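For reference, the structure is listed below as structure tokens.
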Amino acid sequence: MDESTQSQGAKDSPPTAGYCSWHQRIADGVQRIRLSEAGSGGKVHYACVHCIRIWKLTPYEGQ
């Protein structure tokens with residue numbers, strides 16, 4: 001049962017906003033990024049759609 005109180009945008013636009021670890025600012029459409037264990041330092045990193053495209057990052061849910 002999906003009962004969101006937020007207005008629905010376009011189907012292609014992710015609804016979440018948060019801090020992008022790559023350009024270090026708040027952005028729309030951030031996604032959790034899968035990093036290798038050695039490079040992550042145990043931290044969870046998020047990236048916006050723009051940085052995912054530029055840096056060719058792999059979203060965590062994408063695998």
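Naming works like this for the structure tokens: A, B, ... for the chains as they're shown, residue 1 at the start of each chain, ligands 1 onward in shown order.
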Need the shell around region 40-52 of chain A: protein/DNA/RNA residues with any atom at most 10 Å away, counting only C-alpha atoms. Skip same-chain ones fewer than 6 positions apart. Format as number ranges by chain?
A: 13-14, 16-34, 58-60
